[in-house]
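See structure below.
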Amino acid sequence: MIRLYDTIEPNVIDEELLKLAVEEQGPQEAAGQVAKQEGINFKDVKSLQLDFQNILRIDNLWQFVSLRKLQLDNNIIEKIDGLESLVNLVWLDLSFNNIETIEGLDTLVNLEDLSLFSNRIAKMDAMDSLVKLQVFSIGNNMIDNLLNVIYLRRFTYLRSLNLAGNPICEDEEYKLFVTAYLPDLVYLDFRLIDAHTRELGDAKYQYSIYELKHRENQIQAKLEEEQATIAELEKHKAAYVEYLNGPFLFDSLYSEDVEAAKLAYLPGVPELLETYKTKFVEICQNIFDYGLVQQEKRKAEVAIFYECLEEALQENRKQGLKEVEDFDKTYTGYLHTIRNSNDIHYVDNKMSECAEEISRLFDRLMTLEMQLVEQLEETINNFERNIIDMVGVFVENVQGLMAQCRDLENHHHEKLLEISINTLEKIVKSEFDEDLPDDVRALFSDKDTVVNAVGASHDIHLLKIDNREDDLITNVTSWCTATVDKVHNDELDRNRKRVKEINQYVDHLQSDLDNMDFGDLLD
């Protein structure tokens, strides 16, 4: 097969090509000259036209984060890639290229109009993330199976579809099939779908579509169930009690315990295990329920803090704006007086007074900022104490409940060891009548072997309990530290920014005053 670029020199998307394209499509005349002098910032570009450039590969577009329209038609592109950063893209034209597979569109969640017209595509897929797709042109490709159309049912906003020029269009049922399976479609192959065609399609495929809808509903219900499960798990993780609402932790004690599986064959052990499990799971459920309650309390504490923080900031802004507004009236009056006076001494006096007003404004704004800093420092310190106390109480109570789990394990260990020793004594005296697997019976060769087996099982269980406790305490403590640190750092950043704003504003006022033109007065 002869490829187009066998006879045409492929081009690459480089810095030079991009600058040239942006300059040609940007403002012309005076505005364009200013843009060239100041430099082109690709991140601000909204539209980019790269058609008829013999481009083989999409590349170097990562800076165009604000791009909404991209034209790459009439090139020799073979693969869709390099578009990951264009998350704001609404319109994309890749028509008249050499693309064989739909791919690389996962991040384009805002795309509404997509053209893949005149390529080499045989299958419509890999577009699941294009949830806002309204217009899709994929005519003049190699799609030969009508079932491809069913894939498009997921795009609930799709209203215009072009498939003209594909092998499926030769099927006599083509239009009826498409209109039936895409009931919300308005335009097909650039023509309005008439009511008669839609009625014929509905009648012909009503039973097939009924079955399809049933399957879709089942899939959707399963998906929603999975999403709800994931959301619920995330909620549990946020409370640091995931997998404590059931036998998960208990089952994990035995998941790698080979010796416990053997000892479970001993008479009385299954009943012992069942009692142990019931009590253990009950304690885990208590930790779980307690954790969710404490998480809600922590969330409420954080919410109240940020509400108080915002109220204080708003009040401070209000007072600051009032100071600036009052100053502006005075400042404007001074400027008016100065500009309309012909007395140099009078002007000097007024400029000195104005400079003093600027200085007083600076003092008032800085005073407001210092008052806010003191107020927020007290609020933040109270928040820090409350959060640390809440987490401390939570950790202390969890440790107490986990200690109960260890007590249960210790009690179970003692009972299991007792049963195992009794079994050994019966086996030694030939008084044990139960049938045991060979690997289990091998444990009862001597007392040390039995004690070691029971002890190894016990050690595994205690380690699993300790690890789960450590994970919970480490995670909630880390959250506490990170939350408090963020609050302090945010306040430091806010204060620095505000002080800088005040200084810049006052410097600007003083600079304007110092640079007033008194040429006429001096003459």
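Letters A, B, ... go to the chains of the structure tokens in the order shown; residues in each chain start at 1; ligands are counted from 1 in the same order.
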
Contact residues around range 494-505 of chain A with only C-alpha atoms at 8 Å, ignoring same-chain residues under 5 positions, as a PyMOL selection string: chain A and resi 362+365-366+369+373

DSSP-assigned helix (DSSP H, G or I) among range 24-176 of chain A, expressed as an MDAnalysis selection string: chainID A and resid 24:25 29:38 42:44 146:154 167:170 174:176

Deliver the residues from the most recent selection as a file, using N, CA, C and O atoms, as a tab-separated table (two decimals), in the first residue's frame.
chain	number	residue	atom	x	y	z
A	24	GLU	N	-0.83	33.98	12.59
A	24	GLU	CA	-1.68	34.15	11.39
A	24	GLU	C	-3.16	34.20	11.75
A	24	GLU	O	-3.94	34.90	11.10
A	25	GLN	N	-3.54	33.46	12.80
A	25	GLN	CA	-4.96	33.40	13.17
A	25	GLN	C	-5.33	34.42	14.24
A	25	GLN	O	-6.49	34.58	14.57
A	29	GLU	N	-2.96	43.87	12.32
A	29	GLU	CA	-2.68	45.30	12.42
A	29	GLU	C	-2.05	45.64	13.77
A	29	GLU	O	-1.17	44.92	14.24
A	30	ALA	N	-2.48	46.69	14.43
A	30	ALA	CA	-1.83	47.18	15.65
A	30	ALA	C	-1.88	46.14	16.77
A	30	ALA	O	-0.88	45.88	17.44
A	31	ALA	N	-3.04	45.54	16.97
A	31	ALA	CA	-3.19	44.56	18.04
A	31	ALA	C	-2.27	43.37	17.81
A	31	ALA	O	-1.67	42.82	18.74
A	32	GLY	N	-2.15	42.96	16.55
A	32	GLY	CA	-1.26	41.84	16.23
A	32	GLY	C	0.19	42.17	16.48
A	32	GLY	O	0.95	41.34	16.97
A	33	GLN	N	0.61	43.39	16.17
A	33	GLN	CA	1.99	43.79	16.40
A	33	GLN	C	2.31	43.81	17.90
A	33	GLN	O	3.39	43.39	18.32
A	34	VAL	N	1.37	44.28	18.69
A	34	VAL	CA	1.57	44.30	20.14
A	34	VAL	C	1.72	42.88	20.67
A	34	VAL	O	2.58	42.58	21.50
A	35	ALA	N	0.88	41.96	20.16
A	35	ALA	CA	0.95	40.56	20.60
A	35	ALA	C	2.30	39.95	20.26
A	35	ALA	O	2.88	39.21	21.06
A	36	LYS	N	2.82	40.26	19.07
A	36	LYS	CA	4.12	39.73	18.67
A	36	LYS	C	5.23	40.27	19.55
A	36	LYS	O	6.15	39.55	19.93
A	37	GLN	N	5.14	41.55	19.87
A	37	GLN	CA	6.18	42.17	20.69
A	37	GLN	C	6.18	41.61	22.11
A	37	GLN	O	7.22	41.35	22.70
A	38	GLU	N	4.98	41.41	22.67
A	38	GLU	CA	4.87	40.93	24.04
A	38	GLU	C	5.06	39.43	24.15
A	38	GLU	O	5.25	38.89	25.24
A	42	PHE	N	0.78	30.50	24.69
A	42	PHE	CA	-0.06	29.43	24.14
A	42	PHE	C	-1.21	29.04	25.06
A	42	PHE	O	-2.25	28.59	24.59
A	43	LYS	N	-1.01	29.21	26.36
A	43	LYS	CA	-2.06	28.77	27.29
A	43	LYS	C	-3.33	29.61	27.18
A	43	LYS	O	-4.38	29.21	27.67
A	44	ASP	N	-3.25	30.77	26.53
A	44	ASP	CA	-4.43	31.64	26.39
A	44	ASP	C	-5.14	31.47	25.05
A	44	ASP	O	-6.20	32.05	24.83
A	146	LEU	N	-23.52	-2.81	10.99
A	146	LEU	CA	-24.53	-1.93	11.57
A	146	LEU	C	-24.52	-1.93	13.10
A	146	LEU	O	-24.93	-0.96	13.73
A	147	LEU	N	-24.04	-3.03	13.69
A	147	LEU	CA	-24.02	-3.11	15.15
A	147	LEU	C	-23.13	-2.05	15.77
A	147	LEU	O	-23.25	-1.75	16.96
A	148	ASN	N	-22.22	-1.48	14.96
A	148	ASN	CA	-21.40	-0.36	15.45
A	148	ASN	C	-22.27	0.79	15.93
A	148	ASN	O	-21.87	1.54	16.85
A	149	VAL	N	-23.41	0.96	15.32
A	149	VAL	CA	-24.29	2.08	15.66
A	149	VAL	C	-24.78	1.98	17.10
A	149	VAL	O	-24.97	3.01	17.77
A	150	ILE	N	-24.95	0.75	17.59
A	150	ILE	CA	-25.47	0.56	18.95
A	150	ILE	C	-24.54	1.19	19.98
A	150	ILE	O	-24.99	1.69	21.02
A	151	TYR	N	-23.24	1.21	19.68
A	151	TYR	CA	-22.28	1.83	20.60
A	151	TYR	C	-22.61	3.29	20.87
A	151	TYR	O	-22.37	3.81	21.96
A	152	LEU	N	-23.21	3.96	19.89
A	152	LEU	CA	-23.49	5.40	20.00
A	152	LEU	C	-24.69	5.70	20.90
A	152	LEU	O	-24.95	6.87	21.19
A	153	ARG	N	-25.39	4.69	21.37
A	153	ARG	CA	-26.56	4.92	22.23
A	153	ARG	C	-26.16	5.58	23.56
A	153	ARG	O	-26.98	6.24	24.21
A	154	ARG	N	-24.91	5.41	23.96
A	154	ARG	CA	-24.47	5.98	25.25
A	154	ARG	C	-24.36	7.50	25.21
A	154	ARG	O	-24.28	8.13	26.27
A	167	PRO	N	-19.44	1.41	4.22
A	167	PRO	CA	-20.11	0.23	3.64
A	167	PRO	C	-21.49	-0.04	4.23
A	167	PRO	O	-22.36	-0.56	3.55
A	168	ILE	N	-21.70	0.31	5.52
A	168	ILE	CA	-23.01	0.02	6.13
A	168	ILE	C	-24.14	0.79	5.46
A	168	ILE	O	-25.30	0.39	5.54
A	169	CYS	N	-23.81	1.89	4.79
A	169	CYS	CA	-24.84	2.71	4.15
A	169	CYS	C	-25.48	1.98	2.96
A	169	CYS	O	-26.56	2.36	2.51
A	170	GLU	N	-24.80	0.94	2.47
A	170	GLU	CA	-25.33	0.17	1.35
A	170	GLU	C	-26.41	-0.81	1.79
A	170	GLU	O	-27.16	-1.33	0.97
A	174	TYR	N	-30.33	0.40	6.53
A	174	TYR	CA	-29.41	1.34	7.21
A	174	TYR	C	-30.15	2.46	7.95
A	174	TYR	O	-30.00	2.63	9.15
A	175	LYS	N	-30.96	3.23	7.24
A	175	LYS	CA	-31.62	4.38	7.85
A	175	LYS	C	-32.60	3.96	8.95
A	175	LYS	O	-32.67	4.59	10.00
A	176	LEU	N	-33.36	2.90	8.69
A	176	LEU	CA	-34.32	2.44	9.68
A	176	LEU	C	-33.60	1.97	10.94
A	176	LEU	O	-34.04	2.24	12.07

Using only C-alpha atoms, I'd like a table of the residues in range 245-311 of chain A that come within 8 Å of range 385-403 of chain A; for each, show the closest atom pair and its distance in Å rounded to one decimal, ordered by chain and ascending number, as CSV.
residue,atom,partner,partner_atom,distance
A:Ile283,CA,A:Leu401,CA,6.7
A:Ile287,CA,A:Val398,CA,6.5
A:Gly291,CA,A:Phe394,CA,7.7
A:Gln294,CA,A:Phe394,CA,7.1
A:Arg298,CA,A:Ile387,CA,7.1
A:Glu301,CA,A:Ile387,CA,7.5

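The residue set within 9 Å of range 274-278 of chain A, counting only C-alpha atoms and dropping same-chain residues fewer than 4 places from it, reads Pro247, Phe250, Asp251, Val269, Pro270, Glu282, Ile283, Leu408, Glu409, His411 and His412 of chain A.
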
Near-Asn475 in chain A list (12 Å; only C-alpha atoms; drop same-chain fewer than 5 positions) as a ChimeraX atom specification: /A:237-242,391,395,468-470,480-482

Please identify all polymer residues within 9 Å of Ser115 in chain A, counting only C-alpha atoms, omitting same-chain residues fewer than 5 positions from it, and present them as a compact mmCIF listing (two decimals) with C-alpha atoms, in the first residue's frame.
# COMPACT_ATOMS: atom_id res chain seq x y z
CA ASP A 73 -7.95 18.09 8.98
CA TRP A 91 -14.61 21.19 18.65
CA LEU A 92 -12.12 18.81 17.01
CA ASP A 93 -11.65 18.16 13.29
CA LEU A 94 -9.46 15.19 12.30
CA SER A 95 -11.06 14.59 8.93
CA VAL A 135 -22.24 16.23 16.53
CA PHE A 136 -20.26 13.26 15.17
CA SER A 137 -19.06 12.91 11.61
CA ILE A 138 -17.41 9.62 10.66
CA GLY A 139 -18.43 9.35 7.03

Picked from range 119-324 of chain A by DSSP as strand (DSSP E), as a PyMOL selection string: chain A and resi 135-137+160-162+187-188+191-192

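Separating CA of Met127 in chain A from CA of Gly104 in chain A is a distance of 8.8 Å.
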
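When the distance limit is 8 Å and only C-alpha atoms are what count, the residues near range 83-89 of chain A, minus those fewer than 6 positions from it on the same chain, are Ile58, Leu61, Trp62, Gln63, Phe64, Val65, Ser66, Leu67, Arg68, Lys69, Leu70, Gly104, Leu105, Asp106, Thr107, Leu108, Val109, Asn110 and Leu111 of chain A.
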
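Straight-line separation from CA of Tyr331 in chain A to CA of Ile358 in chain A: 8.3 Å.
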
Selection near Thr179 in chain A, 7 Å with only C-alpha atoms, sequence-local residues under 4 positions removed, as a PyMOL selection string: chain A and resi 175+183+185+198+201

Take the selection from the previous step and output its residues with N, CA and C atoms, as an mmCIF file, in the first residue's frame.
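Output contents, as saved in part-v7.cif:
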data_model
loop_
_atom_site.group_PDB
_atom_site.id
_atom_site.type_symbol
_atom_site.label_atom_id
_atom_site.label_comp_id
_atom_site.auth_asym_id
_atom_site.auth_seq_id
_atom_site.Cartn_x
_atom_site.Cartn_y
_atom_site.Cartn_z
ATOM 1 N N LYS A 175 -30.963 3.228 7.239
ATOM 2 C CA LYS A 175 -31.623 4.377 7.853
ATOM 3 C C LYS A 175 -32.600 3.956 8.946
ATOM 4 N N PRO A 183 -32.852 6.946 18.982
ATOM 5 C CA PRO A 183 -34.137 7.659 18.918
ATOM 6 C C PRO A 183 -34.035 9.168 19.114
ATOM 7 N N LEU A 185 -31.661 11.061 17.834
ATOM 8 C CA LEU A 185 -30.953 11.663 16.708
ATOM 9 C C LEU A 185 -31.899 12.533 15.883
ATOM 10 N N ARG A 198 -38.819 7.388 11.081
ATOM 11 C CA ARG A 198 -38.667 7.016 12.487
ATOM 12 C C ARG A 198 -39.726 5.984 12.887
ATOM 13 N N GLY A 201 -38.797 2.576 11.450
ATOM 14 C CA GLY A 201 -37.682 1.996 12.210
ATOM 15 C C GLY A 201 -38.139 1.452 13.546
#

Could you give me, as a Markdown table, a per-residue list for range 189-295 of chain A showing, wherever an atom lies at most 9 Å from an atom of range 433-442 of chain A, the closest pair of atoms and their distance in Å to one decimal, using only C-alpha atoms and sorting by chain then residue number from low to high?
| residue | atom | partner | partner_atom | distance |
| --- | --- | --- | --- | --- |
| A:Glu259 | CA | A:Val440 | CA | 8.7 |
| A:Lys262 | CA | A:Val440 | CA | 5.3 |
| A:Leu263 | CA | A:Val440 | CA | 7.0 |
| A:Tyr265 | CA | A:Leu436 | CA | 6.9 |
| A:Leu266 | CA | A:Leu436 | CA | 8.0 |
| A:Pro267 | CA | A:Glu434 | CA | 8.1 |

Point-to-point distance from CA of Leu463 in chain A to CA of Asn422 in chain A, Å rounded to tenths: 26.8 Å

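Between Lys329 in chain A and the residues A:Val45, A:Ile427, A:Ala261, A:Cys354, the shortest atom-to-atom distance, using only C-alpha atoms, involves A:Cys354.
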
Can I get the residues of range 267-343 of chain A within 12 Å of range 231-236 of chain A, each with the closest pair of atoms and their distance in Å to one decimal, using only C-alpha atoms, sorted chain first then ascending number, as JSON lines?
{"residue": "A:Ile287", "atom": "CA", "partner": "A:His236", "partner_atom": "CA", "distance": 11.5}
{"residue": "A:Phe288", "atom": "CA", "partner": "A:His236", "partner_atom": "CA", "distance": 8.2}
{"residue": "A:Asp289", "atom": "CA", "partner": "A:His236", "partner_atom": "CA", "distance": 9.9}
{"residue": "A:Tyr290", "atom": "CA", "partner": "A:His236", "partner_atom": "CA", "distance": 11.4}
{"residue": "A:Gly291", "atom": "CA", "partner": "A:His236", "partner_atom": "CA", "distance": 8.4}
{"residue": "A:Leu292", "atom": "CA", "partner": "A:His236", "partner_atom": "CA", "distance": 7.2}
{"residue": "A:Val293", "atom": "CA", "partner": "A:His236", "partner_atom": "CA", "distance": 10.9}
{"residue": "A:Gln294", "atom": "CA", "partner": "A:His236", "partner_atom": "CA", "distance": 11.5}
{"residue": "A:Gln295", "atom": "CA", "partner": "A:His236", "partner_atom": "CA", "distance": 9.2}
{"residue": "A:Glu296", "atom": "CA", "partner": "A:Lys235", "partner_atom": "CA", "distance": 10.4}
{"residue": "A:Lys299", "atom": "CA", "partner": "A:Lys235", "partner_atom": "CA", "distance": 11.8}

Write the residues you've just listed into a file as a CSV table (one decimal), in the first residue's frame, and include C-alpha atoms for each of them.
chain,number,residue,atom,x,y,z
A,287,ILE,CA,-15.2,0.3,66.0
A,288,PHE,CA,-16.8,0.9,62.6
A,289,ASP,CA,-20.0,2.6,64.0
A,290,TYR,CA,-18.0,4.7,66.4
A,291,GLY,CA,-15.6,5.7,63.6
A,292,LEU,CA,-18.4,6.9,61.4
A,293,VAL,CA,-19.9,9.0,64.2
A,294,GLN,CA,-16.5,10.5,65.0
A,295,GLN,CA,-15.9,11.3,61.3
A,296,GLU,CA,-19.1,13.3,61.1
A,299,LYS,CA,-16.3,17.1,59.4
